[in-house]
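Everything on this sheet refers to the single structure shown next.
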Amino acid sequence: MGWLFFKKTQIAIRSARVSDSHDIAALHSEGGFSGSWSVEEIESLIADRAVITDIACDSRKIEILFGFVMSRCAADEAEILTIVTGRKSRGKGFGRRLLEAHLPKLAGFGVKTLYLEVEEDNKPARALYEKMGFVTAGIRKGYYRKPDGSFANALIMKLGLDSL
Ligand SMILES: CC(C)(COP(=O)(O)OP(=O)(O)OC[C@H]1O[C@@H](n2cnc3c(N)ncnc32)[C@H](O)[C@@H]1OP(=O)(O)O)[C@@H](O)C(=O)NCCC(=O)NCCS
């Protein structure tokens with residue numbers, strides 16, 4: 001019997017292109033969000049110079065996407081609009097890798113403070129953000145409407161990028 005060698009997937013982080021919009025829409029639909037983003041909306045977000053989008057992709061086939069993160073900049077602040085890794089790609093460190101590349105890039109564009117909103121019960125996302133150094137800066141009670149009609153609190157989290 002011969003040996004079987006499984007090559008571990010190597011990921012690379014790159015900037016998004018408008019041609020990634022279909023795949024980004026597909027990833028976004030795996031995010032469990034109440035609203036979906038159309039391909040056209042994503043195209044215009046990527047084309048917007050104030051919006052920075054980074055992709056986690058297969059390093060050998062960069063058109064294969066595993067996840068993305070998108071932030072909108074305004075003066076020296078920015079907000080993470082969303083971050084998603086594909087369902088099969090979770091728990092492999094891809095979300096962390098995305099943010100480890102994305103944060104210094106934002107700092108390079110002059111962003112000093114980064115904000116985001118996250119559902120209070122979203123444990124994986126909160127774990128990722130807390131590990132990256134985000135702290136809770138506020139709470140919006142009943143901000144999210146869940147598919148079952150109930151409401152969930154949103155936490156506002158913040159991270160200073162000065163030291164990056
Ligand atoms: C949130 C999300 C992007 C995390 O991506 P990921 O690729 O699975 O995260 P990683 O594997 O890089 O994990 C990052 C850290 O969070 C922790 N973490 C990830 N999933 C976790 C879970 N289910 N429970 C507890 N901790 C978890 C990991 O332990 C890891 O810490 P480590 O680097 O010290 O080991 C992913 O779960 C996702 O796409 N969720 C759906 C969309 C979503 O909710 N986005 C956030 C909107 S605010």
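Here's how to read the names in the structure tokens: chain A, B, ... by the order shown, residue numbers from 1 in each chain, ligand numbers from 1 in the order shown.
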Using only C-alpha atoms, which residues sit within 7 Å of Leu27 in chain A once same-chain residues fewer than 4 positions away are excluded, as a PDB file with all heavy atoms, in the first residue's frame?
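The result, written out as result-v9.pdb:
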ATOM      1  N   ASP A  23     -18.685  35.461  -6.026  1.00  0.00           N
ATOM      2  CA  ASP A  23     -18.218  34.554  -4.968  1.00  0.00           C
ATOM      3  C   ASP A  23     -18.375  35.198  -3.588  1.00  0.00           C
ATOM      4  O   ASP A  23     -18.666  34.514  -2.605  1.00  0.00           O
ATOM      5  CB  ASP A  23     -16.754  34.161  -5.211  1.00  0.00           C
ATOM      6  CG  ASP A  23     -16.617  33.306  -6.455  1.00  0.00           C
ATOM      7  OD1 ASP A  23     -17.564  32.556  -6.750  1.00  0.00           O
ATOM      8  OD2 ASP A  23     -15.599  33.406  -7.143  1.00  0.00           O
ATOM      9  N   GLY A  31     -23.298  33.535   5.738  1.00  0.00           N
ATOM     10  CA  GLY A  31     -22.973  34.215   6.992  1.00  0.00           C
ATOM     11  C   GLY A  31     -24.058  34.139   8.055  1.00  0.00           C
ATOM     12  O   GLY A  31     -23.819  34.489   9.200  1.00  0.00           O
ATOM     13  N   GLY A  67     -12.970  33.293   2.276  1.00  0.00           N
ATOM     14  CA  GLY A  67     -13.582  34.274   3.160  1.00  0.00           C
ATOM     15  C   GLY A  67     -13.230  35.687   2.713  1.00  0.00           C
ATOM     16  O   GLY A  67     -12.399  35.881   1.821  1.00  0.00           O
ATOM     17  N   VAL A  84     -16.760  37.254   6.826  1.00  0.00           N
ATOM     18  CA  VAL A  84     -17.351  35.922   6.702  1.00  0.00           C
ATOM     19  C   VAL A  84     -16.279  34.957   6.214  1.00  0.00           C
ATOM     20  O   VAL A  84     -15.520  35.284   5.290  1.00  0.00           O
ATOM     21  CB  VAL A  84     -18.507  35.910   5.661  1.00  0.00           C
ATOM     22  CG1 VAL A  84     -19.104  34.506   5.553  1.00  0.00           C
ATOM     23  CG2 VAL A  84     -19.581  36.913   5.996  1.00  0.00           C
ATOM     24  N   THR A  85     -16.237  33.778   6.821  1.00  0.00           N
ATOM     25  CA  THR A  85     -15.502  32.687   6.194  1.00  0.00           C
ATOM     26  C   THR A  85     -16.542  31.639   5.795  1.00  0.00           C
ATOM     27  O   THR A  85     -17.588  31.504   6.448  1.00  0.00           O
ATOM     28  CB  THR A  85     -14.427  32.083   7.139  1.00  0.00           C
ATOM     29  OG1 THR A  85     -15.023  31.743   8.383  1.00  0.00           O
ATOM     30  CG2 THR A  85     -13.297  33.058   7.379  1.00  0.00           C
ATOM     31  N   GLY A  86     -16.286  30.935   4.712  1.00  0.00           N
ATOM     32  CA  GLY A  86     -17.229  29.927   4.210  1.00  0.00           C
ATOM     33  C   GLY A  86     -17.477  28.873   5.279  1.00  0.00           C
ATOM     34  O   GLY A  86     -16.599  28.593   6.099  1.00  0.00           O
TER      35      GLY A  86
END
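For ligand 1, the set of protein, DNA and RNA residues within 7 Å, based on only C-alpha atoms and all ligand atoms, reads Glu30, Gly31, Gly32, Thr82, Ile83, Val84, Thr85, Gly86, Arg87, Ser89, Arg90, Gly91, Lys92, Gly93, Phe94, Gly95, Arg96, Arg97, Glu117, Val118, Glu119, Asn122, Lys123, Pro124, Ala125, Ala127, Leu128 and Lys131 of chain A.
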Given only C-alpha atoms as the counted atoms, nearest of A:Ala12, A:Ile42, A:Ile139, A:Leu161 to Glu63 in chain A: A:Ala12
Which of range 19-84 of chain A DSSP labels helix (DSSP H, G or I), written as a list in words: Ser19, Asp20, Ser21, His22, Asp23, Ile24, Ala25, Ala26, Leu27, His28, Ser29, Val39, Glu40, Glu41, Ile42, Glu43, Ser44, Leu45, Ile46 and Ala47 of chain A
Suppose we keep C-alpha atoms; can you now write the selection as a short mmCIF file (atom, residue, chain, number, x, y, z; two decimals), in the first residue's frame?
data_model
loop_
_atom_site.label_atom_id
_atom_site.label_comp_id
_atom_site.auth_asym_id
_atom_site.auth_seq_id
_atom_site.Cartn_x
_atom_site.Cartn_y
_atom_site.Cartn_z
CA SER A 19 -14.78 40.01 -10.60
CA ASP A 20 -14.92 38.39 -7.11
CA SER A 21 -18.42 39.83 -6.50
CA HIS A 22 -20.37 36.64 -7.29
CA ASP A 23 -18.22 34.55 -4.97
CA ILE A 24 -18.38 37.21 -2.25
CA ALA A 25 -22.19 37.22 -2.52
CA ALA A 26 -22.17 33.42 -2.15
CA LEU A 27 -19.94 33.64 0.95
CA HIS A 28 -22.10 36.42 2.40
CA SER A 29 -25.16 34.17 2.02
CA VAL A 39 -23.91 41.02 -6.64
CA GLU A 40 -24.56 44.60 -7.83
CA GLU A 41 -24.34 45.97 -4.28
CA ILE A 42 -21.05 44.14 -3.77
CA GLU A 43 -19.69 45.41 -7.09
CA SER A 44 -20.38 48.98 -6.07
CA LEU A 45 -18.89 48.46 -2.60
CA ILE A 46 -15.67 47.07 -4.13
CA ALA A 47 -15.54 49.96 -6.58
#
All residues 6 Å or closer to range 71-81 of chain A, only C-alpha atoms, same chain fewer than 3 positions away omitted, as a VMD selection string: chain A and resid 50 to 52 110 to 116
Let me see the file: selected residues, C-alpha atoms, as an mmCIF file, in the first residue's frame.
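Final file, out.cif:
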data_model
loop_
_atom_site.group_PDB
_atom_site.id
_atom_site.type_symbol
_atom_site.label_atom_id
_atom_site.label_comp_id
_atom_site.auth_asym_id
_atom_site.auth_seq_id
_atom_site.Cartn_x
_atom_site.Cartn_y
_atom_site.Cartn_z
ATOM 1 C CA ALA A 50 -13.556 54.300 0.829
ATOM 2 C CA VAL A 51 -14.292 50.579 1.124
ATOM 3 C CA ILE A 52 -11.407 48.165 1.700
ATOM 4 C CA GLY A 110 -4.621 56.501 8.166
ATOM 5 C CA VAL A 111 -7.327 54.725 10.172
ATOM 6 C CA LYS A 112 -6.751 55.222 13.896
ATOM 7 C CA THR A 113 -9.916 53.640 15.340
ATOM 8 C CA LEU A 114 -11.838 50.685 13.977
ATOM 9 C CA TYR A 115 -15.434 49.902 15.007
ATOM 10 C CA LEU A 116 -17.794 47.029 14.395
#
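Take CA of Asp58 in chain A and CA of Ile13 in chain A: the distance between them is 8.7 Å.
Distance check against Asp162 in chain A using only C-alpha atoms: of A:Phe109, A:Ser34, A:Ala101, A:Phe66, the minimum falls on A:Phe109.
Here CA of Gln10 in chain A and CA of Ser59 in chain A stand 5.6 Å from one another.
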